[in-house]
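S.K.: Structure file entry20.cif, mmCIF, C-alpha atoms and all ligand atoms, is pasted below:
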```cif
data_model
#
loop_
_atom_site.label_atom_id
_atom_site.label_comp_id
_atom_site.auth_asym_id
_atom_site.auth_seq_id
_atom_site.Cartn_x
_atom_site.Cartn_y
_atom_site.Cartn_z
CA MET A 1 -9.50 255.46 -6.66
CA GLY A 2 -8.83 257.48 -3.53
CA LYS A 3 -6.81 260.68 -3.63
CA THR A 4 -3.74 261.56 -1.58
CA ILE A 5 -3.79 264.58 0.69
CA LEU A 6 -0.26 265.36 1.81
CA ILE A 7 0.22 267.56 4.87
CA LEU A 8 3.67 269.03 5.45
CA GLY A 9 4.26 269.81 9.13
CA GLY A 10 2.73 268.34 12.26
CA GLY A 11 2.46 271.52 14.30
CA ILE A 12 -0.80 273.24 15.20
CA GLY A 13 -1.99 273.77 11.61
CA GLY A 14 -0.93 270.37 10.27
CA THR A 15 -2.37 268.45 13.22
CA ALA A 16 -5.70 270.28 13.04
CA ALA A 17 -5.91 269.70 9.27
CA ALA A 18 -5.12 265.98 9.68
CA ASN A 19 -7.79 265.58 12.38
CA VAL A 20 -10.52 267.37 10.44
CA LEU A 21 -9.73 265.52 7.21
CA SER A 22 -9.69 262.18 8.99
CA LYS A 23 -13.22 262.83 10.23
CA LEU A 24 -14.55 264.03 6.87
CA LEU A 25 -12.92 261.67 4.40
CA LYS A 26 -13.39 258.01 3.67
CA ASN A 27 -11.40 256.09 1.06
CA HIS A 28 -8.74 258.76 0.63
CA GLN A 29 -5.18 258.71 1.92
CA ILE A 30 -4.00 261.34 4.41
CA ILE A 31 -0.24 261.56 4.92
CA LEU A 32 1.49 263.88 7.38
CA VAL A 33 5.25 264.55 7.22
CA ASP A 34 7.35 266.13 9.96
CA ARG A 35 11.07 266.11 10.72
CA GLU A 36 10.30 265.53 14.40
CA GLU A 37 8.82 262.47 16.03
CA TYR A 38 6.80 264.72 18.33
CA HIS A 39 4.28 267.53 18.03
CA LEU A 40 5.36 270.43 20.24
CA PHE A 41 2.63 272.66 21.67
CA ARG A 42 4.60 275.91 21.48
CA PRO A 43 2.18 278.09 23.51
CA SER A 44 3.31 276.11 26.60
CA LEU A 45 6.98 277.06 26.23
CA PRO A 46 6.69 280.11 28.55
CA LEU A 47 5.32 277.79 31.29
CA LEU A 48 8.19 275.37 30.75
CA LEU A 49 10.72 278.13 31.25
CA VAL A 50 9.62 278.77 34.82
CA ASN A 51 9.24 275.10 35.70
CA LEU A 52 5.44 274.99 35.49
CA ARG A 53 5.69 272.36 32.75
CA HIS A 54 8.09 269.56 31.87
CA PRO A 55 8.91 268.75 28.25
CA HIS A 56 6.93 265.48 28.20
CA GLN A 57 3.80 267.41 29.25
CA ILE A 58 3.81 269.64 26.16
CA VAL A 59 4.60 267.18 23.39
CA ARG A 60 2.64 264.37 21.74
CA ARG A 61 3.78 261.55 19.48
CA LEU A 62 2.82 262.20 15.86
CA THR A 63 2.41 258.44 15.36
CA ASP A 64 -0.66 258.80 17.63
CA LEU A 65 -2.41 260.28 14.59
CA GLU A 66 -2.22 256.87 12.91
CA LYS A 67 -5.13 255.60 15.02
CA LYS A 68 -7.20 258.27 13.25
CA GLY A 69 -6.17 256.92 9.86
CA VAL A 70 -3.41 259.45 9.21
CA LYS A 71 -0.15 257.98 7.93
CA PHE A 72 2.85 259.64 9.56
CA ILE A 73 6.25 259.88 7.87
CA GLN A 74 9.17 261.27 9.82
CA ALA A 75 11.30 263.08 7.27
CA GLU A 76 12.85 266.41 6.44
CA VAL A 77 10.96 268.22 3.70
CA ASN A 78 13.56 269.58 1.30
CA LYS A 79 11.57 271.01 -1.54
CA VAL A 80 8.02 271.51 -2.72
CA MET A 81 7.72 271.04 -6.49
CA PRO A 82 4.27 272.34 -7.55
CA GLN A 83 4.78 271.76 -11.27
CA ARG A 84 5.43 268.04 -10.69
CA GLN A 85 2.89 267.61 -7.87
CA GLN A 86 5.68 266.16 -5.79
CA VAL A 87 7.56 266.92 -2.59
CA GLU A 88 11.19 265.98 -2.10
CA THR A 89 11.94 264.59 1.37
CA THR A 90 14.72 262.65 3.06
CA GLN A 91 12.44 259.61 2.78
CA GLY A 92 12.11 260.05 -0.99
CA LEU A 93 9.70 261.77 -3.36
CA LEU A 94 6.07 262.01 -2.26
CA ASN A 95 3.21 262.51 -4.71
CA TYR A 96 0.01 264.32 -3.85
CA ASP A 97 -3.36 265.28 -5.24
CA TYR A 98 -3.84 267.97 -2.60
CA LEU A 99 -1.02 269.55 -0.65
CA ILE A 100 -1.30 271.43 2.65
CA VAL A 101 1.88 273.27 3.58
CA ALA A 102 1.97 273.79 7.36
CA LEU A 103 5.72 274.01 7.91
CA GLY A 104 5.59 276.95 10.30
CA ALA A 105 8.53 279.35 10.32
CA ASP A 106 12.25 278.61 10.15
CA GLN A 107 14.37 280.25 12.83
CA HIS A 108 17.55 282.09 11.88
CA PRO A 109 19.50 283.16 14.99
CA GLU A 110 22.61 283.55 12.79
CA THR A 111 21.25 286.81 11.32
CA VAL A 112 22.28 288.64 14.51
CA PRO A 113 26.03 288.26 15.01
CA GLY A 114 26.74 286.74 18.43
CA GLN A 115 23.18 285.56 19.09
CA ILE A 116 23.96 281.85 18.67
CA GLU A 117 26.99 282.10 20.95
CA ALA A 118 25.57 284.28 23.70
CA ALA A 119 21.78 284.09 23.85
CA PHE A 120 19.29 281.39 24.78
CA ASN A 121 16.55 280.71 22.26
CA PRO A 122 13.32 280.14 24.23
CA TYR A 123 11.49 279.21 21.00
CA ASN A 124 13.50 276.00 20.70
CA LEU A 125 12.57 273.16 23.08
CA GLN A 126 16.13 272.00 23.82
CA ASP A 127 17.35 275.52 24.41
CA ALA A 128 14.29 276.36 26.53
CA CYS A 129 15.14 273.35 28.74
CA ARG A 130 18.74 274.57 29.10
CA LEU A 131 17.45 278.02 29.99
CA GLN A 132 15.08 276.54 32.57
CA GLN A 133 18.14 274.98 34.29
CA GLU A 134 20.17 278.17 34.04
CA LEU A 135 17.39 280.28 35.59
CA GLN A 136 17.31 278.08 38.67
CA PHE A 137 20.80 279.32 39.59
CA PHE A 138 20.24 282.94 38.58
CA LYS A 139 20.11 285.12 41.70
CA SER A 140 21.15 288.58 40.58
CA GLY A 141 21.96 290.56 37.47
CA ARG A 142 20.45 291.86 34.26
CA ILE A 143 18.26 289.71 32.04
CA ILE A 144 17.54 291.02 28.56
CA VAL A 145 14.80 289.52 26.43
CA PHE A 146 15.07 290.75 22.85
CA ILE A 147 13.21 290.23 19.59
CA ALA A 148 15.61 290.12 16.67
CA ALA A 149 13.25 290.88 13.79
CA LEU A 150 9.66 291.00 12.57
CA PRO A 151 7.54 289.02 12.00
CA TYR A 152 7.94 286.30 14.59
CA THR A 153 5.60 283.59 15.82
CA GLY A 154 3.59 283.91 19.03
CA PRO A 155 3.76 287.71 19.24
CA TYR A 156 2.76 287.62 22.93
CA GLY A 157 5.31 284.91 23.82
CA PRO A 158 8.12 287.33 24.81
CA TYR A 159 5.71 289.28 27.08
CA GLU A 160 4.62 286.05 28.70
CA PHE A 161 8.25 285.03 29.25
CA ILE A 162 9.19 288.27 30.93
CA CYS A 163 6.02 288.52 33.04
CA LEU A 164 6.50 284.94 34.22
CA LEU A 165 10.15 285.63 35.02
CA ASP A 166 9.01 288.54 37.19
CA THR A 167 6.72 286.21 39.20
CA TYR A 168 9.31 283.43 39.27
CA PHE A 169 11.98 285.65 40.83
CA ARG A 170 9.50 287.28 43.23
CA LYS A 171 8.52 283.84 44.50
CA ARG A 172 12.19 283.07 45.04
CA GLY A 173 12.67 286.36 46.92
CA VAL A 174 15.40 287.65 44.58
CA ARG A 175 13.39 289.94 42.31
CA ASN A 176 14.90 293.16 43.72
CA GLN A 177 18.36 291.95 42.69
CA ILE A 178 17.32 291.32 39.10
CA GLN A 179 16.73 293.81 36.30
CA LEU A 180 14.34 292.67 33.57
CA THR A 181 14.46 294.39 30.18
CA LEU A 182 12.46 293.76 27.02
CA ILE A 183 13.68 295.03 23.66
CA THR A 184 11.41 294.97 20.62
CA PRO A 185 11.53 296.41 17.09
CA GLU A 186 7.74 296.90 17.24
CA PRO A 187 6.61 300.54 17.47
CA ALA A 188 4.36 299.58 20.42
CA LEU A 189 3.84 296.49 22.56
CA PHE A 190 0.60 295.69 20.74
CA PRO A 191 0.92 297.46 17.39
CA LEU A 192 -2.62 296.53 16.28
CA ALA A 193 -4.21 297.77 19.51
CA SER A 194 -5.37 301.25 20.47
CA ARG A 195 -3.16 303.72 22.29
CA LYS A 196 -5.29 303.23 25.40
CA ILE A 197 -4.59 299.48 25.45
CA ASN A 198 -0.90 300.08 24.86
CA TYR A 199 -0.89 302.60 27.69
CA LYS A 200 -2.45 300.00 30.02
CA LEU A 201 0.11 297.40 28.99
CA ALA A 202 2.97 299.82 29.52
CA LYS A 203 1.53 300.51 32.98
CA LEU A 204 1.42 296.79 33.73
CA MET A 205 5.08 296.44 32.73
CA THR A 206 6.04 299.44 34.88
CA LYS A 207 4.17 297.92 37.84
CA LYS A 208 6.21 294.76 37.38
CA GLN A 209 9.38 296.87 37.10
CA ILE A 210 10.07 295.58 33.61
CA GLN A 211 11.88 298.04 31.38
CA VAL A 212 10.56 298.10 27.83
CA TYR A 213 12.23 299.58 24.76
CA THR A 214 10.18 299.75 21.56
CA ASN A 215 11.41 300.71 18.06
CA ALA A 216 14.67 299.04 19.02
CA GLN A 217 16.43 297.15 16.23
CA VAL A 218 19.16 294.76 17.34
CA LEU A 219 22.44 294.91 15.41
CA ALA A 220 24.63 292.41 17.28
CA LEU A 221 25.29 290.68 20.54
CA ASP A 222 28.87 291.24 21.64
CA HIS A 223 29.50 288.03 23.52
CA LEU A 224 32.94 289.09 24.71
CA LYS A 225 31.65 292.25 26.38
CA ASN A 226 28.18 290.84 27.14
CA GLU A 227 26.47 293.76 25.44
CA LEU A 228 23.51 293.97 23.13
CA VAL A 229 24.11 296.59 20.45
CA LEU A 230 21.25 298.33 18.63
CA THR A 231 21.38 299.80 15.13
CA ASP A 232 20.97 303.31 16.59
CA GLY A 233 24.14 302.84 18.66
CA ARG A 234 22.49 302.18 22.03
CA ILE A 235 24.21 299.52 24.11
CA PHE A 236 22.59 297.27 26.72
CA PRO A 237 24.96 295.38 29.00
CA GLY A 238 23.46 292.16 30.35
CA ASP A 239 24.23 289.00 32.32
CA LEU A 240 21.71 286.71 30.62
CA PHE A 241 20.33 287.20 27.11
CA ILE A 242 17.17 285.58 25.82
CA GLY A 243 16.74 286.16 22.10
CA ILE A 244 13.73 285.52 19.90
CA PRO A 245 15.47 284.68 16.60
CA THR A 246 14.71 286.09 13.18
CA HIS A 247 11.90 284.09 11.54
CA ARG A 248 11.58 283.31 7.85
CA GLY A 249 9.37 281.10 5.72
CA SER A 250 10.34 277.46 5.24
CA LYS A 251 13.51 276.63 3.34
CA ALA A 252 11.44 274.01 1.52
CA LEU A 253 9.60 276.86 -0.22
CA GLN A 254 12.71 278.88 -1.02
CA HIS A 255 13.35 279.31 -4.75
CA THR A 256 9.99 277.76 -5.61
CA SER A 257 7.17 279.46 -7.45
CA LEU A 258 5.27 279.55 -4.13
CA ALA A 259 7.65 281.73 -2.17
CA LEU A 260 7.04 285.38 -1.55
CA GLU A 261 9.62 287.70 0.09
CA GLN A 262 11.44 286.06 3.03
CA SER A 263 10.13 282.65 1.78
CA TRP A 264 6.62 283.16 3.19
CA CYS A 265 4.07 281.50 0.95
CA LEU A 266 1.83 283.74 -1.14
CA VAL A 267 -1.79 282.72 -0.49
CA ASP A 268 -5.33 283.87 -1.10
CA PRO A 269 -6.29 285.56 2.21
CA HIS A 270 -9.65 283.79 2.46
CA THR A 271 -9.14 280.33 0.93
CA LEU A 272 -5.42 279.95 1.77
CA ALA A 273 -4.91 278.56 -1.74
CA ALA A 274 -1.30 279.07 -2.72
CA GLU A 275 -0.73 281.53 -5.52
CA LEU A 276 2.08 280.59 -7.86
CA ILE A 277 4.19 283.63 -8.52
CA SER A 278 4.12 284.65 -12.19
CA THR A 279 2.13 281.60 -13.28
CA GLU A 280 -1.40 280.35 -12.71
CA ALA A 281 -2.93 279.80 -9.25
CA ALA A 282 -2.39 276.35 -7.77
CA ASP A 283 -5.85 275.10 -6.96
CA ASN A 284 -4.59 271.99 -5.16
CA ILE A 285 -1.97 273.60 -2.88
CA TYR A 286 -2.80 275.40 0.34
CA CYS A 287 -0.56 277.01 2.90
CA ILE A 288 -1.69 277.59 6.48
CA GLY A 289 -0.35 278.87 9.77
CA ASP A 290 2.96 280.60 10.30
CA ALA A 291 4.25 279.62 6.85
CA ALA A 292 1.57 281.68 5.08
CA GLY A 293 2.55 285.17 3.98
CA LEU A 294 -0.62 286.88 5.15
CA LYS A 295 -0.75 290.61 5.70
CA VAL A 296 -3.17 292.95 7.45
CA ALA A 297 -5.90 294.48 5.28
CA ASP A 298 -3.92 297.55 4.12
CA GLY A 299 -0.79 295.44 3.46
CA SER A 300 1.29 297.60 5.79
CA ARG A 301 2.53 294.74 8.00
CA TRP A 302 2.54 290.97 8.36
CA ALA A 303 -0.48 289.43 10.04
CA PRO A 304 0.21 288.08 13.54
CA LYS A 305 1.43 284.47 13.50
CA ILE A 306 -0.72 282.82 16.15
CA GLY A 307 -1.72 279.19 16.64
CA ILE A 308 -5.42 279.88 16.91
CA PHE A 309 -5.33 281.28 13.37
CA ALA A 310 -3.34 278.28 12.11
CA HIS A 311 -6.14 276.17 13.61
CA TYR A 312 -8.96 278.18 11.95
CA GLN A 313 -7.13 278.12 8.62
CA ALA A 314 -6.70 274.33 8.88
CA GLU A 315 -10.45 273.95 9.40
CA VAL A 316 -11.24 276.08 6.34
CA VAL A 317 -8.78 274.28 4.09
CA ALA A 318 -9.64 270.75 5.26
CA ARG A 319 -13.39 271.36 4.87
CA ASN A 320 -12.95 272.88 1.41
CA ILE A 321 -10.80 269.96 0.24
CA ALA A 322 -13.48 267.55 1.51
CA LEU A 323 -16.13 269.48 -0.44
CA LYS A 324 -14.01 269.41 -3.59
CA LEU A 325 -13.45 265.67 -3.24
CA SER A 326 -17.18 265.11 -3.11
CA GLY A 327 -17.70 267.23 -6.21
CA LYS A 328 -19.12 270.23 -4.37
CA THR A 329 -18.08 273.87 -4.41
CA PRO A 330 -15.77 274.95 -1.61
CA GLN A 331 -17.65 277.40 0.62
CA PHE A 332 -15.57 277.97 3.75
CA ARG A 333 -13.64 281.20 4.09
CA TYR A 334 -11.06 282.36 6.58
CA GLN A 335 -11.95 285.71 8.13
CA GLY A 336 -8.72 286.78 9.85
CA LYS A 337 -10.27 287.20 13.24
CA GLY A 338 -10.64 285.32 16.48
CA ALA A 339 -11.12 285.58 20.21
CA GLY A 340 -9.96 283.47 23.12
CA VAL A 341 -6.21 284.03 22.79
CA ALA A 342 -4.84 284.61 26.27
CA MET A 343 -1.60 286.30 27.29
CA ILE A 344 -0.22 285.07 30.62
CA THR A 345 0.74 287.87 33.00
CA ASP A 346 1.67 285.86 36.12
CA TYR A 347 1.16 282.39 37.63
CA ASN A 348 -2.63 282.82 37.98
CA HIS A 349 -3.66 285.49 35.51
CA ALA A 350 -3.89 286.06 31.79
CA SER A 351 -5.35 288.79 29.59
CA LEU A 352 -7.90 287.62 27.05
CA LEU A 353 -7.50 289.03 23.57
CA SER A 354 -9.57 289.33 20.45
CA ILE A 355 -8.02 290.17 17.11
CA ASN A 356 -9.41 291.14 13.71
CA TYR A 357 -6.62 291.81 11.27
CA TYR A 358 -8.63 291.79 8.06
CA ALA A 359 -10.72 294.75 9.25
CA SER A 360 -9.95 297.94 7.31
CA GLN A 361 -8.62 299.25 10.64
CA PRO A 362 -6.98 296.12 12.16
CA ARG A 363 -8.07 295.76 15.75
CA THR A 364 -6.85 294.03 18.91
CA PHE A 365 -8.85 294.17 22.14
CA LEU A 366 -7.35 293.15 25.41
CA LEU A 367 -9.05 292.55 28.74
CA PRO A 368 -7.19 293.22 32.00
CA PRO A 369 -5.34 290.24 33.54
CA MET A 370 -7.88 287.90 35.18
CA SER A 371 -7.91 284.40 36.63
CA ILE A 372 -10.50 283.42 34.00
CA GLY A 373 -7.88 284.24 31.36
CA TRP A 374 -5.48 281.80 33.03
CA LEU A 375 -8.20 279.16 33.13
CA VAL A 376 -8.96 279.65 29.43
CA LYS A 377 -5.27 279.33 28.58
CA THR A 378 -4.66 276.17 30.56
CA ALA A 379 -7.98 274.58 29.59
CA PHE A 380 -7.16 275.14 25.93
CA GLU A 381 -3.73 273.56 26.42
CA LYS A 382 -5.36 270.49 27.98
CA TYR A 383 -8.00 270.30 25.25
CA TRP A 384 -5.41 270.58 22.50
CA LEU A 385 -3.04 267.96 23.83
CA ASN A 386 -5.76 265.48 24.76
CA CYS A 387 -8.32 265.84 22.00
CA TRP A 388 -6.18 266.17 18.90
CA PHE A 389 -3.97 263.15 19.56
C1 LIG B 1 6.62 280.91 23.00
C2 LIG B 1 5.42 280.87 22.11
C3 LIG B 1 4.17 281.14 22.66
C4 LIG B 1 3.03 281.11 21.86
N1 LIG B 1 1.80 281.35 22.41
C5 LIG B 1 0.70 281.21 21.67
C6 LIG B 1 -0.59 281.33 22.27
O1 LIG B 1 -0.72 281.56 23.45
N2 LIG B 1 -1.68 281.17 21.48
C7 LIG B 1 -1.57 280.90 20.15
O2 LIG B 1 -2.59 280.74 19.49
N3 LIG B 1 -0.36 280.81 19.55
C8 LIG B 1 0.78 280.94 20.27
N4 LIG B 1 2.01 280.80 19.69
C9 LIG B 1 2.11 280.70 18.24
C10 LIG B 1 1.85 279.30 17.73
O3 LIG B 1 2.62 278.35 18.44
C11 LIG B 1 2.16 279.22 16.26
O4 LIG B 1 1.49 280.26 15.59
C12 LIG B 1 1.69 277.88 15.69
O5 LIG B 1 2.42 276.84 16.27
C13 LIG B 1 1.83 277.85 14.18
O6 LIG B 1 1.38 276.62 13.72
P1 LIG B 1 1.98 276.00 12.38
O7 LIG B 1 1.31 274.70 12.20
O8 LIG B 1 1.94 277.00 11.30
O9 LIG B 1 3.54 275.79 12.70
P2 LIG B 1 4.23 274.95 13.83
O10 LIG B 1 3.31 274.68 14.95
O11 LIG B 1 5.51 275.64 14.12
O12 LIG B 1 4.53 273.55 13.12
C14 LIG B 1 5.43 273.42 12.05
C15 LIG B 1 5.85 271.96 11.99
O13 LIG B 1 6.58 271.74 10.79
C16 LIG B 1 7.73 270.98 11.07
N5 LIG B 1 8.75 271.35 10.06
C17 LIG B 1 9.21 272.57 9.81
N6 LIG B 1 10.06 272.54 8.78
C18 LIG B 1 10.14 271.25 8.39
C19 LIG B 1 10.84 270.60 7.33
N7 LIG B 1 11.62 271.25 6.47
N8 LIG B 1 10.69 269.27 7.20
C20 LIG B 1 9.87 268.57 8.05
N9 LIG B 1 9.18 269.15 9.04
C21 LIG B 1 9.31 270.49 9.20
C22 LIG B 1 8.12 271.35 12.47
O14 LIG B 1 8.88 270.32 13.09
C23 LIG B 1 6.76 271.57 13.14
O15 LIG B 1 6.29 270.40 13.75
C24 LIG B 1 3.17 280.81 20.48
C25 LIG B 1 4.42 280.51 19.93
C26 LIG B 1 5.53 280.53 20.74
C27 LIG B 1 6.88 280.17 20.14
#
```
Could you write out this file's structure as structure tokens?

M.R.:
Amino acid sequence: MGKTILILGGGIGGTAAANVLSKLLKNHQIILVDREEYHLFRPSLPLLLVNLRHPHQIVRRLTDLEKKGVKFIQAEVNKVMPQRQQVETTQGLLNYDYLIVALGADQHPETVPGQIEAAFNPYNLQDACRLQQELQFFKSGRIIVFIAALPYTGPYGPYEFICLLDTYFRKRGVRNQIQLTLITPEPALFPLASRKINYKLAKLMTKKQIQVYTNAQVLALDHLKNELVLTDGRIFPGDLFIGIPTHRGSKALQHTSLALEQSWCLVDPHTLAAELISTEAADNIYCIGDAAGLKVADGSRWAPKIGIFAHYQAEVVARNIALKLSGKTPQFRYQGKGAGVAMITDYNHASLLSINYYASQPRTFLLPPMSIGWLVKTAFEKYWLNCWF
């Protein structure tokens, strides 16, 4: 009898896993569960903000996966229960033989007092659409983009937002009336990159007249005074606040034997097999993408949460499950590195990046902004939305 492979989450990791499994497996059941009806391609959110994309252009129906033999269930995942090989959802209990957790990260704007009331959340589609409208009427004043806590998904997203805002306002001829400020708790813009690369990035921001504050931990957003308050007492008055919320692992993993600190899932760094805390390893549960609690080689910080890595991890896990199902030894291993990520710097340019965070000295390389970078970014968006659905 066929086995059931249950995939939780239809984002980048879950969709990639479902596609690869559907190609490799015959006579087994693949089920994908997501609370949303649509897959959202999050890397396109910065483009949506400045009107270069509309919502319908960056989402795909998850039911489209059914033509590939993947059963889709729209439901909230409430709890993963490894000991019972079951998952509790709003559509009932689901059994599995193999489980792939790809639930991404939960967002917690409530951890910064005032953030829900006074800041837009560009990482949420509805809020990003509201912000897009608001920006159309913004002609002068101070815009503050802040990152509430580490780690967060799409580490280059906030830089893309602020660089695109610079171009957007220049095109509208109002840039000299607008102050753009970026506030991050990171010690440097690209903490895994060399000082030289960080110097170049800082220069790029200065050229765009974007003020950047690093090592800046947000305490609260005073929505009555319109001021962002940092833990060191500094105060930033603003007219429009854009806040990247605190991210945590999925609530469905909370209080389970899979959850590490902050509810990220403890996994083997190369196989992505979930490691049950204080009991035996779970050889039929994998966690990929933003939900995985991966760290850089020396354990000093969380690994960057980037879609391209969710994609690579999905390939490794799906191929290894297929090998196991055919009685073979799993042989694919995730290496924690990749190239081809692009960070948008204006309407026609992006910087290409390569990252290796399992190296003993984690490394990020960054090319200067080029039109080829923009082409890579937009071609990948097209490929993703057209080929995986
Ligand atoms: C603004 C921005 C820009 C980015 N830019 C890039 C980029 O240029 N390149 C890049 O590679 N990456 C980029 N990223 C990061 C990338 O989007 C994420 O790393 C990637 O989406 C993670 O994939 P995932 O499958 O782990 O999670 P997600 O894609 O977030 O998918 C998680 C899925 O699980 C569902 N879900 C969550 N909880 C539940 C629940 N309890 N019940 C049911 N369903 C649930 C969600 O609805 C979602 O569909 C960016 C991110 C952002 C926000």

S.K.: So which residues are near ligand LIG 1 (chain B), meaning at most 6 Å away with all atoms listed in the file counted, given back as a PyMOL selection string?

M.R.: chain A and resi 9-14+34-36+39+42-43+45-46+75-78+102-104+123+153-154+157+252+289-291+305-308+310+341-342

S.K.: I'd like to know which of A:Ile144, A:Val112, A:Ile372, A:Leu201 is closest to Leu219 in chain A, using all atoms listed in the file.

M.R.: A:Val112

S.K.: If you count all atoms listed in the file, which residues fall within 12 Å of Leu192 in chain A, apart from same-chain ones fewer than 4 positions away, as a PyMOL selection string?

M.R.: chain A and resi 155+186-188+196-198+296-297+300-304+353-366

S.K.: With C-alpha atoms retained, export the selected residues as a short mmCIF file (atom, residue, chain, number, x, y, z; two decimals), in the frame of the given file.

M.R.:
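Everything below was put into result_1.cif:
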```
data_model
loop_
_atom_site.label_atom_id
_atom_site.label_comp_id
_atom_site.auth_asym_id
_atom_site.auth_seq_id
_atom_site.Cartn_x
_atom_site.Cartn_y
_atom_site.Cartn_z
CA PRO A 155 3.76 287.71 19.24
CA GLU A 186 7.74 296.90 17.24
CA PRO A 187 6.61 300.54 17.47
CA ALA A 188 4.36 299.58 20.42
CA LYS A 196 -5.29 303.23 25.40
CA ILE A 197 -4.59 299.48 25.45
CA ASN A 198 -0.90 300.08 24.86
CA VAL A 296 -3.17 292.95 7.45
CA ALA A 297 -5.90 294.48 5.28
CA SER A 300 1.29 297.60 5.79
CA ARG A 301 2.53 294.74 8.00
CA TRP A 302 2.54 290.97 8.36
CA ALA A 303 -0.48 289.43 10.04
CA PRO A 304 0.21 288.08 13.54
CA LEU A 353 -7.50 289.03 23.57
CA SER A 354 -9.57 289.33 20.45
CA ILE A 355 -8.02 290.17 17.11
CA ASN A 356 -9.41 291.14 13.71
CA TYR A 357 -6.62 291.81 11.27
CA TYR A 358 -8.63 291.79 8.06
CA ALA A 359 -10.72 294.75 9.25
CA SER A 360 -9.95 297.94 7.31
CA GLN A 361 -8.62 299.25 10.64
CA PRO A 362 -6.98 296.12 12.16
CA ARG A 363 -8.07 295.76 15.75
CA THR A 364 -6.85 294.03 18.91
CA PHE A 365 -8.85 294.17 22.14
CA LEU A 366 -7.35 293.15 25.41
#
```

S.K.: Between A:Leu125, A:Val20, A:Gln86, A:Thr246, which one has atoms that come closest to Tyr38 in chain A, using all atoms listed in the file?

M.R.: A:Leu125

S.K.: Pick the closest to Asn284 in chain A from A:His108, A:Lys3, A:His28, A:Lys203: which is it, counting only C-alpha atoms?

M.R.: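 Checking each candidate against Asn284 in chain A, we get A:Lys3 as the closest.
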
S.K.: Quick one: of A:Ser44, A:Ser250, A:Asn124, A:Gln133, who's nearest to Lys377 in chain A, counting all atoms listed in the file?

M.R.: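 Checking each of A:Ser44, A:Ser250, A:Asn124, A:Gln133 against Lys377 in chain A, counting all atoms listed in the file, the winner is A:Ser44.
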